[in-house]
file query.txt (compact mmCIF, C-alpha atoms)
# COMPACT_ATOMS: atom_id res chain seq x y z
CA MET A 1 22.21 57.41 -21.81
CA LEU A 2 18.99 55.45 -22.16
CA ALA A 3 20.53 52.32 -23.63
CA ALA A 4 21.80 50.83 -20.37
CA PRO A 5 18.54 51.23 -18.38
CA ILE A 6 16.46 49.89 -21.27
CA GLU A 7 18.81 46.94 -21.67
CA SER A 8 18.66 46.22 -17.94
CA LEU A 9 14.85 46.42 -17.97
CA GLY A 10 14.67 44.09 -20.97
CA ARG A 11 16.94 41.54 -19.32
CA SER A 12 14.87 41.70 -16.16
CA ILE A 13 11.63 41.09 -18.09
CA LEU A 14 13.15 38.24 -20.08
CA GLY A 15 14.48 36.72 -16.86
CA LYS A 16 11.01 36.82 -15.28
CA VAL A 17 9.45 35.24 -18.38
CA GLU A 18 12.13 32.56 -18.41
CA GLY A 19 11.56 31.88 -14.72
CA PHE A 20 7.81 31.60 -15.22
CA GLY A 21 8.37 29.15 -18.05
CA ALA A 22 10.72 27.06 -15.90
CA PHE A 23 8.17 27.07 -13.07
CA SER A 24 5.42 25.99 -15.47
CA ARG A 25 7.52 23.07 -16.71
CA PHE A 26 8.29 22.16 -13.10
CA CYS A 27 4.57 22.15 -12.24
CA VAL A 28 3.72 19.98 -15.26
CA ALA A 29 6.45 17.48 -14.39
CA THR A 30 5.26 17.33 -10.77
CA GLY A 31 1.67 16.79 -11.88
CA MET A 32 2.70 13.95 -14.20
CA TRP A 33 4.63 12.21 -11.41
CA CYS A 34 1.68 12.67 -9.04
CA VAL A 35 -0.41 10.65 -11.48
CA ARG A 36 2.04 7.96 -12.54
CA GLY A 37 4.65 8.08 -9.77
CA THR A 38 5.73 5.44 -7.27
CA GLU A 39 2.97 2.95 -6.62
CA GLY A 40 1.76 1.36 -3.40
CA TYR A 41 4.12 1.13 -0.46
CA GLY A 42 6.87 3.07 -2.19
CA ARG A 43 4.77 6.24 -2.42
CA LEU A 44 3.42 5.78 1.10
CA ARG A 45 6.93 5.29 2.49
CA LEU A 46 8.00 8.64 1.04
CA LEU A 47 4.75 10.43 1.94
CA LEU A 48 4.27 9.52 5.60
CA PRO A 49 7.37 11.31 6.97
CA GLN A 50 6.37 14.46 5.10
CA LEU A 51 2.84 14.29 6.49
CA PHE A 52 4.33 14.22 9.97
CA VAL A 53 6.73 17.10 9.32
CA VAL A 54 4.22 19.32 7.51
CA GLY A 55 1.13 18.48 9.52
CA VAL A 56 1.70 17.06 12.98
CA ARG A 57 4.60 19.33 13.89
CA SER A 58 2.69 22.39 12.72
CA ILE A 59 -0.44 21.77 14.80
CA PRO A 60 0.71 23.53 18.03
CA VAL A 61 1.80 26.76 16.34
CA VAL A 62 -1.30 26.91 14.12
CA MET A 63 -3.58 26.36 17.12
CA LEU A 64 -1.79 28.97 19.19
CA VAL A 65 -1.87 31.62 16.48
CA GLY A 66 -5.50 30.84 15.62
CA LEU A 67 -6.53 31.18 19.26
CA PHE A 68 -5.00 34.62 19.73
CA VAL A 69 -6.11 35.95 16.34
CA GLY A 70 -9.70 35.00 17.15
CA ALA A 71 -9.34 36.69 20.54
CA VAL A 72 -7.97 39.85 18.93
CA ILE A 73 -10.90 39.96 16.50
CA GLY A 74 -13.26 39.74 19.47
CA ILE A 75 -11.48 42.56 21.28
CA GLU A 76 -11.43 44.88 18.27
CA THR A 77 -15.03 44.32 17.15
CA TYR A 78 -16.89 44.13 20.46
CA ALA A 79 -17.08 47.89 21.06
CA GLN A 80 -18.47 48.59 17.57
CA PHE A 81 -21.14 45.91 17.81
CA GLU A 82 -22.06 46.92 21.36
CA ALA A 83 -22.60 50.50 20.18
CA ILE A 84 -25.33 49.36 17.77
CA GLY A 85 -26.77 46.74 20.11
CA GLN A 86 -25.64 43.75 18.05
CA GLU A 87 -23.04 42.23 20.39
CA THR A 88 -25.05 39.01 20.70
CA ARG A 89 -24.49 38.39 16.97
CA LEU A 90 -20.75 38.85 17.22
CA GLY A 91 -20.18 35.12 17.40
CA GLY A 92 -21.51 34.65 13.89
CA VAL A 93 -19.33 37.43 12.50
CA ILE A 94 -16.19 36.03 14.11
CA ALA A 95 -16.98 32.48 13.00
CA LEU A 96 -17.71 33.52 9.42
CA SER A 97 -14.55 35.64 9.18
CA VAL A 98 -12.39 32.85 10.56
CA VAL A 99 -13.88 30.03 8.50
CA LYS A 100 -13.92 31.80 5.13
CA GLN A 101 -10.84 34.00 5.23
CA ILE A 102 -8.67 34.19 8.32
CA GLY A 103 -8.39 30.48 9.08
CA PRO A 104 -7.21 29.29 5.65
CA VAL A 105 -4.94 32.28 5.06
CA LEU A 106 -3.47 32.17 8.54
CA ALA A 107 -2.72 28.44 8.36
CA ALA A 108 -1.22 28.85 4.88
CA VAL A 109 1.03 31.71 5.94
CA MET A 110 2.28 29.72 8.93
CA ILE A 111 3.04 26.71 6.72
CA ALA A 112 4.74 28.93 4.14
CA GLY A 113 7.00 30.29 6.86
CA ARG A 114 7.62 27.13 8.83
CA VAL A 115 7.58 24.45 6.13
CA GLY A 116 8.14 26.34 2.87
CA GLY A 117 11.45 27.81 3.92
CA ALA A 118 12.63 24.53 5.43
CA VAL A 119 11.72 22.53 2.33
CA SER A 120 13.44 25.02 0.05
CA ALA A 121 16.58 24.98 2.21
CA GLU A 122 16.58 21.18 2.37
CA VAL A 123 16.20 20.70 -1.38
CA GLY A 124 18.61 23.56 -2.06
CA THR A 125 21.26 21.93 0.11
CA MET A 126 20.80 18.72 -1.86
CA ARG A 127 21.33 20.69 -5.06
CA VAL A 128 24.46 22.43 -3.75
CA THR A 129 25.96 19.17 -2.51
CA GLU A 130 25.08 17.47 -5.84
CA GLN A 131 22.71 14.95 -4.24
CA LEU A 132 20.14 15.70 -6.94
CA ASP A 133 22.68 14.69 -9.58
CA ALA A 134 23.41 11.53 -7.61
CA LEU A 135 19.72 10.61 -7.70
CA ARG A 136 19.65 11.08 -11.47
CA VAL A 137 22.76 8.91 -11.85
CA MET A 138 21.02 6.15 -9.88
CA GLY A 139 18.05 6.33 -12.25
CA THR A 140 15.67 8.13 -9.86
CA ASP A 141 13.90 11.29 -10.88
CA PRO A 142 14.37 13.92 -8.12
CA ILE A 143 10.92 15.32 -8.76
CA GLN A 144 9.37 11.92 -8.18
CA HIS A 145 11.47 11.17 -5.10
CA LEU A 146 11.62 14.61 -3.43
CA VAL A 147 9.01 16.99 -4.82
CA VAL A 148 5.89 14.86 -5.13
CA PRO A 149 5.80 13.69 -1.46
CA ARG A 150 6.32 17.22 -0.18
CA VAL A 151 3.73 18.79 -2.44
CA MET A 152 1.18 16.09 -1.65
CA ALA A 153 1.86 16.50 2.07
CA CYS A 154 1.15 20.23 1.84
CA VAL A 155 -2.05 19.63 -0.13
CA ILE A 156 -3.30 16.95 2.28
CA MET A 157 -2.32 18.50 5.60
CA LEU A 158 -3.13 22.18 5.06
CA PRO A 159 -6.94 21.62 5.06
CA MET A 160 -6.57 19.69 8.32
CA LEU A 161 -4.49 22.46 9.83
CA THR A 162 -7.11 24.94 8.63
CA VAL A 163 -9.72 23.07 10.68
CA PHE A 164 -7.54 23.47 13.80
CA SER A 165 -7.08 27.16 13.00
CA ASP A 166 -10.84 27.65 12.52
CA VAL A 167 -11.82 25.89 15.73
CA LEU A 168 -9.27 27.70 17.89
CA GLY A 169 -10.06 31.05 16.23
CA ILE A 170 -13.76 30.71 17.04
CA PHE A 171 -12.93 29.56 20.56
CA GLY A 172 -10.59 32.53 21.03
CA GLY A 173 -13.42 34.88 20.08
CA TYR A 174 -15.68 33.05 22.53
CA LEU A 175 -13.22 33.59 25.39
CA VAL A 176 -13.19 37.34 24.79
CA VAL A 177 -16.82 37.98 23.83
CA ALA A 178 -18.64 35.54 26.11
CA VAL A 179 -16.27 34.97 29.02
CA LEU A 180 -14.59 38.38 29.36
CA GLN A 181 -17.30 40.73 27.99
CA GLY A 182 -20.27 38.82 29.37
CA VAL A 183 -22.26 38.22 26.19
CA ASP A 184 -24.67 35.33 26.54
CA ARG A 185 -22.81 32.13 25.66
CA THR A 186 -25.84 30.54 24.05
CA ASP A 187 -26.25 33.52 21.72
CA TYR A 188 -22.58 33.32 20.72
CA TRP A 189 -22.79 29.68 19.61
CA THR A 190 -26.32 30.03 18.21
CA PHE A 191 -25.39 32.84 15.84
CA SER A 192 -22.13 31.11 14.98
CA ALA A 193 -24.06 28.07 13.81
CA TYR A 194 -26.72 30.21 12.13
CA LEU A 195 -24.44 32.42 10.07
CA VAL A 196 -21.82 29.85 9.03
CA THR A 197 -23.13 27.48 6.35
CA SER A 198 -21.68 24.34 4.83
CA TRP A 199 -20.72 26.40 1.76
CA ASP A 200 -18.54 28.65 3.92
CA VAL A 201 -16.73 25.64 5.35
CA ILE A 202 -16.22 24.18 1.86
CA THR A 203 -14.96 27.55 0.64
CA GLY A 204 -12.30 27.72 3.34
CA LEU A 205 -11.15 24.14 2.79
CA ALA A 206 -11.03 24.57 -0.99
CA LYS A 207 -8.83 27.62 -0.56
CA SER A 208 -6.51 25.70 1.74
CA VAL A 209 -6.03 22.97 -0.87
CA VAL A 210 -4.93 25.54 -3.45
CA PHE A 211 -2.70 27.29 -0.91
CA GLY A 212 -1.03 24.00 -0.01
CA LEU A 213 -0.36 23.25 -3.66
CA LEU A 214 1.18 26.69 -4.22
CA ILE A 215 3.36 26.48 -1.10
CA GLY A 216 4.71 23.04 -1.99
CA LEU A 217 5.43 23.88 -5.61
CA ILE A 218 7.10 27.23 -4.93
CA ALA A 219 9.24 25.90 -2.08
CA CYS A 220 10.47 22.89 -4.06
CA PHE A 221 11.05 24.97 -7.20
CA LYS A 222 13.17 27.50 -5.33
CA GLY A 223 15.20 24.70 -3.81
CA PHE A 224 15.71 23.02 -7.17
CA HIS A 225 16.97 26.25 -8.75
CA CYS A 226 18.93 27.82 -5.90
CA GLU A 227 22.34 29.35 -6.47
CA LYS A 228 25.56 27.71 -5.33
CA GLY A 229 26.83 28.08 -1.78
CA ALA A 230 25.29 28.77 1.60
CA ALA A 231 24.17 32.22 0.48
CA GLY A 232 22.23 30.67 -2.39
CA VAL A 233 20.45 28.27 -0.05
CA GLY A 234 19.53 31.09 2.33
CA LYS A 235 18.28 33.23 -0.55
CA ALA A 236 16.16 30.33 -1.86
CA ALA A 237 14.57 29.80 1.57
CA THR A 238 13.76 33.50 1.88
CA GLU A 239 12.32 33.70 -1.63
CA ALA A 240 10.25 30.58 -1.00
CA PHE A 241 8.47 32.29 1.87
CA VAL A 242 8.13 35.67 0.16
CA TYR A 243 6.78 34.29 -3.11
CA GLY A 244 4.63 31.79 -1.25
CA PHE A 245 3.08 34.57 0.82
CA ILE A 246 2.43 36.69 -2.27
CA ALA A 247 0.90 33.70 -4.06
CA ILE A 248 -1.40 33.04 -1.09
CA ILE A 249 -2.69 36.63 -0.98
CA VAL A 250 -3.19 36.88 -4.74
CA ALA A 251 -4.80 33.44 -5.00
CA ASN A 252 -7.11 34.27 -2.10
CA PHE A 253 -8.46 37.28 -3.99
CA PHE A 254 -9.20 35.34 -7.17
CA LEU A 255 -10.57 32.33 -5.29
CA ALA A 256 -12.89 34.58 -3.28
CA GLN A 257 -14.21 36.14 -6.49
CA PHE A 258 -14.59 32.79 -8.20
CA LEU A 259 -16.29 31.04 -5.28
CA ASN A 260 -18.66 33.95 -4.71
CA GLN A 261 -19.69 33.77 -8.36
CA LEU A 262 -20.30 30.03 -8.02
CA TYR A 263 -22.44 30.69 -4.96
CA ARG A 264 -24.59 33.19 -6.84
CA ILE A 265 -24.96 30.85 -9.82
CA PHE A 266 -25.85 27.63 -7.98
CA ILE A 267 -27.36 28.84 -4.69
CA GLY A 268 -28.47 32.44 -5.13
CA PRO A 269 -27.66 35.91 -3.79
CA ALA A 270 -26.26 36.05 -0.29
CA THR A 271 -28.56 37.29 2.48
CA SER A 272 -27.56 38.93 5.73
CA ALA A 273 -28.11 37.17 9.04
CA LEU A 274 -27.46 40.23 11.17
CA GLY A 275 -30.70 42.04 10.60
call {"tool": "encode", "arguments": {"input": "query.txt", "output": "structure tokens"}}
result
Amino acid sequence: MLAAPIESLGRSILGKVEGFGAFSRFCVATGMWCVRGTEGYGRLRLLLPQLFVVGVRSIPVVMLVGLFVGAVIGIETYAQFEAIGQETRLGGVIALSVVKQIGPVLAAVMIAGRVGGAVSAEVGTMRVTEQLDALRVMGTDPIQHLVVPRVMACVIMLPMLTVFSDVLGIFGGYLVVAVLQGVDRTDYWTFSAYLVTSWDVITGLAKSVVFGLLIGLIACFKGFHCEKGAAGVGKAATEAFVYGFIAIIVANFFLAQFLNQLYRIFIGPATSALG
């Protein structure tokens, strides 16, 4: 009675280990082609369209979501800060939350949903229609031609999109706190500039670089290893978003721990600016 469940569990574990090994090999191959891939105009010709698709087309949705998320933070936190007489410092809290955590994660999740699924479906369709095999027959490595430009585009453009998300998130909080609730506008921007340091900005951008790398690698990997047929392509696109989202959340936790430790080592213990 126990043999079948144990066998199923063992196969599942071995399948996960095998998948992790395949993903590791895929990442190594992508990294090697990033270093020694197409030179000069050839790399730029493949990269520029992906920069447009990943970055430029994602700006409106990232700005819109960032604006309303910042506004929601202002709405939900104003009453608590007003109760303790600290509403004038709310600008610094909103700015710090957006720059360090919400901005990078929000932009990454939007890219994982908008770009990750599309990339996985595109590459998966090429696999199903045997276009990847055609590239190999012509002497072109599919990782070099398809994966590297998309991964590099995610790594390059996600920090820029994070900046848009940060700016609109802070501005959304300003509209609620200063314009709607009547907090002094000078205090809002003064405490925003006081509480947010250059290290906080670097922290958010560093996270976005890692998130972009994870999104690009996972999306391309799922497309490269999708099952046959339309159902396989759809499943690959869904898994690309799901695993990308999980990777973003998990990586954010470890990056936050790591960067906080670096701050304590090189700069010193954090001090509060609300007192």
call {"tool": "closest_atom_pairs", "arguments": {"input": "query.txt", "of": "stretch 97-139 of chain A", "to": "stretch 161-176 of chain A", "cutoff": "12 Å", "atoms": "all atoms listed in the file", "output": "CSV"}}
result
residue,atom,partner,partner_atom,distance
A:Ser97,CA,A:Ile170,CA,9.3
A:Val98,CA,A:Asp166,CA,5.8
A:Val99,CA,A:Asp166,CA,5.6
A:Lys100,CA,A:Asp166,CA,9.0
A:Gln101,CA,A:Asp166,CA,9.7
A:Ile102,CA,A:Asp166,CA,8.1
A:Gly103,CA,A:Asp166,CA,5.1
A:Pro104,CA,A:Thr162,CA,5.3
A:Val105,CA,A:Thr162,CA,8.4
A:Leu106,CA,A:Ser165,CA,7.6
A:Ala107,CA,A:Thr162,CA,5.6
A:Ala108,CA,A:Thr162,CA,8.0
A:Val109,CA,A:Thr162,CA,10.9
A:Met110,CA,A:Leu161,CA,10.0
A:Ile111,CA,A:Leu161,CA,9.2
call {"tool": "residues_around", "arguments": {"input": "query.txt", "residues": "A:Arg185", "least_positions_apart": "5", "cutoff": "10 Å", "atoms": "only C-alpha atoms", "output": "list of chain:residue names"}}
result
A:Thr88, A:Gly91, A:Tyr174, A:Leu175, A:Val177, A:Ala178, A:Val179, A:Thr190
call {"tool": "write_last_selection", "arguments": {"input": "query.txt", "atoms": "C-alpha atoms", "output": "mmCIF file, in the coordinates of the input"}}
result
data_model
loop_
_atom_site.group_PDB
_atom_site.id
_atom_site.type_symbol
_atom_site.label_atom_id
_atom_site.label_comp_id
_atom_site.auth_asym_id
_atom_site.auth_seq_id
_atom_site.Cartn_x
_atom_site.Cartn_y
_atom_site.Cartn_z
ATOM 1 C CA THR A 88 -25.050 39.010 20.700
ATOM 2 C CA GLY A 91 -20.180 35.120 17.400
ATOM 3 C CA TYR A 174 -15.680 33.050 22.530
ATOM 4 C CA LEU A 175 -13.220 33.590 25.390
ATOM 5 C CA VAL A 177 -16.820 37.980 23.830
ATOM 6 C CA ALA A 178 -18.640 35.540 26.110
ATOM 7 C CA VAL A 179 -16.270 34.970 29.020
ATOM 8 C CA THR A 190 -26.320 30.030 18.210
#
call {"tool": "closest_residue", "arguments": {"input": "query.txt", "among": "A:Ile246, A:Gln261, A:Ser198, A:Ala153", "to": "A:Arg43", "atoms": "all atoms listed in the file"}}
result
A:Ala153
call {"tool": "closest_residue", "arguments": {"input": "query.txt", "among": "A:Val115, A:Leu9, A:Val151, A:Cys220", "to": "A:Val61", "atoms": "only C-alpha atoms"}}
result
A:Val115
call {"tool": "closest_residue", "arguments": {"input": "query.txt", "among": "A:Gln86, A:Gln50, A:Ser58, A:Thr129", "to": "A:Ala230", "atoms": "only C-alpha atoms"}}
result
A:Thr129
call {"tool": "atom_distance", "arguments": {"input": "query.txt", "atom1": "atom CA of A:Cys226", "atom2": "atom CA of A:Met152"}}
result
21.7 Å
call {"tool": "closest_residue", "arguments": {"input": "query.txt", "among": "A:Val128, A:Val65, A:Ala3, A:Ala112", "to": "A:Val233", "atoms": "all atoms listed in the file"}}
result
A:Val128
call {"tool": "closest_residue", "arguments": {"input": "query.txt", "among": "A:Lys235, A:Arg264, A:Lys228, A:Lys222", "to": "A:Phe20", "atoms": "all atoms listed in the file"}}
result
A:Lys222
call {"tool": "closest_residue", "arguments": {"input": "query.txt", "among": "A:Asp200, A:Asp187, A:Glu130, A:Glu227", "to": "A:Pro142", "atoms": "all atoms listed in the file"}}
result
A:Glu130
call {"tool": "atom_distance", "arguments": {"input": "query.txt", "atom1": "atom CA of A:Val137", "atom2": "atom CA of A:Ala236"}}
result
24.5 Å
call {"tool": "atom_distance", "arguments": {"input": "query.txt", "atom1": "atom CA of A:Gly216", "atom2": "atom CA of A:Trp199"}}
result
25.9 Å
call {"tool": "residues_near_point", "arguments": {"input": "query.txt", "point": "(13.8, 12.6, -5.5)", "cutoff": "12 Å", "atoms": "all atoms listed in the file", "output": "MDAnalysis selection string"}}
result
chainID A and resid 30 33 37:38 43 46:47 122:123 126:127 131:150 220 224
call {"tool": "build_atoms", "arguments": {"input": "query.txt", "residues": "stretch 192-203 of chain A", "atoms": "N, CA and C atoms", "output": "PDB file, keeping the file's coordinate frame"}}
result
ATOM      1  N   SER A 192     -23.233  31.725  15.713  1.00  0.00           N
ATOM      2  CA  SER A 192     -22.130  31.110  14.980  1.00  0.00           C
ATOM      3  C   SER A 192     -22.645  29.996  14.078  1.00  0.00           C
ATOM      4  N   ALA A 193     -23.508  29.154  14.615  1.00  0.00           N
ATOM      5  CA  ALA A 193     -24.060  28.070  13.810  1.00  0.00           C
ATOM      6  C   ALA A 193     -25.040  28.572  12.759  1.00  0.00           C
ATOM      7  N   TYR A 194     -25.719  29.682  13.047  1.00  0.00           N
ATOM      8  CA  TYR A 194     -26.720  30.210  12.130  1.00  0.00           C
ATOM      9  C   TYR A 194     -26.097  30.884  10.911  1.00  0.00           C
ATOM     10  N   LEU A 195     -25.025  31.631  11.146  1.00  0.00           N
ATOM     11  CA  LEU A 195     -24.440  32.420  10.070  1.00  0.00           C
ATOM     12  C   LEU A 195     -23.487  31.606   9.202  1.00  0.00           C
ATOM     13  N   VAL A 196     -22.788  30.652   9.791  1.00  0.00           N
ATOM     14  CA  VAL A 196     -21.820  29.850   9.030  1.00  0.00           C
ATOM     15  C   VAL A 196     -22.547  28.665   8.409  1.00  0.00           C
ATOM     16  N   THR A 197     -22.474  28.566   7.090  1.00  0.00           N
ATOM     17  CA  THR A 197     -23.130  27.480   6.350  1.00  0.00           C
ATOM     18  C   THR A 197     -22.086  26.470   5.890  1.00  0.00           C
ATOM     19  N   SER A 198     -22.575  25.368   5.368  1.00  0.00           N
ATOM     20  CA  SER A 198     -21.680  24.340   4.830  1.00  0.00           C
ATOM     21  C   SER A 198     -20.866  24.886   3.651  1.00  0.00           C
ATOM     22  N   TRP A 199     -21.453  25.806   2.878  1.00  0.00           N
ATOM     23  CA  TRP A 199     -20.720  26.400   1.760  1.00  0.00           C
ATOM     24  C   TRP A 199     -19.512  27.198   2.247  1.00  0.00           C
ATOM     25  N   ASP A 200     -19.661  27.901   3.368  1.00  0.00           N
ATOM     26  CA  ASP A 200     -18.540  28.650   3.920  1.00  0.00           C
ATOM     27  C   ASP A 200     -17.406  27.730   4.345  1.00  0.00           C
ATOM     28  N   VAL A 201     -17.753  26.610   4.945  1.00  0.00           N
ATOM     29  CA  VAL A 201     -16.730  25.640   5.350  1.00  0.00           C
ATOM     30  C   VAL A 201     -16.030  25.068   4.124  1.00  0.00           C
ATOM     31  N   ILE A 202     -16.805  24.716   3.098  1.00  0.00           N
ATOM     32  CA  ILE A 202     -16.220  24.180   1.860  1.00  0.00           C
ATOM     33  C   ILE A 202     -15.327  25.214   1.200  1.00  0.00           C
ATOM     34  N   THR A 203     -15.762  26.478   1.231  1.00  0.00           N
ATOM     35  CA  THR A 203     -14.960  27.550   0.640  1.00  0.00           C
ATOM     36  C   THR A 203     -13.591  27.643   1.308  1.00  0.00           C
TER      37      THR A 203
END
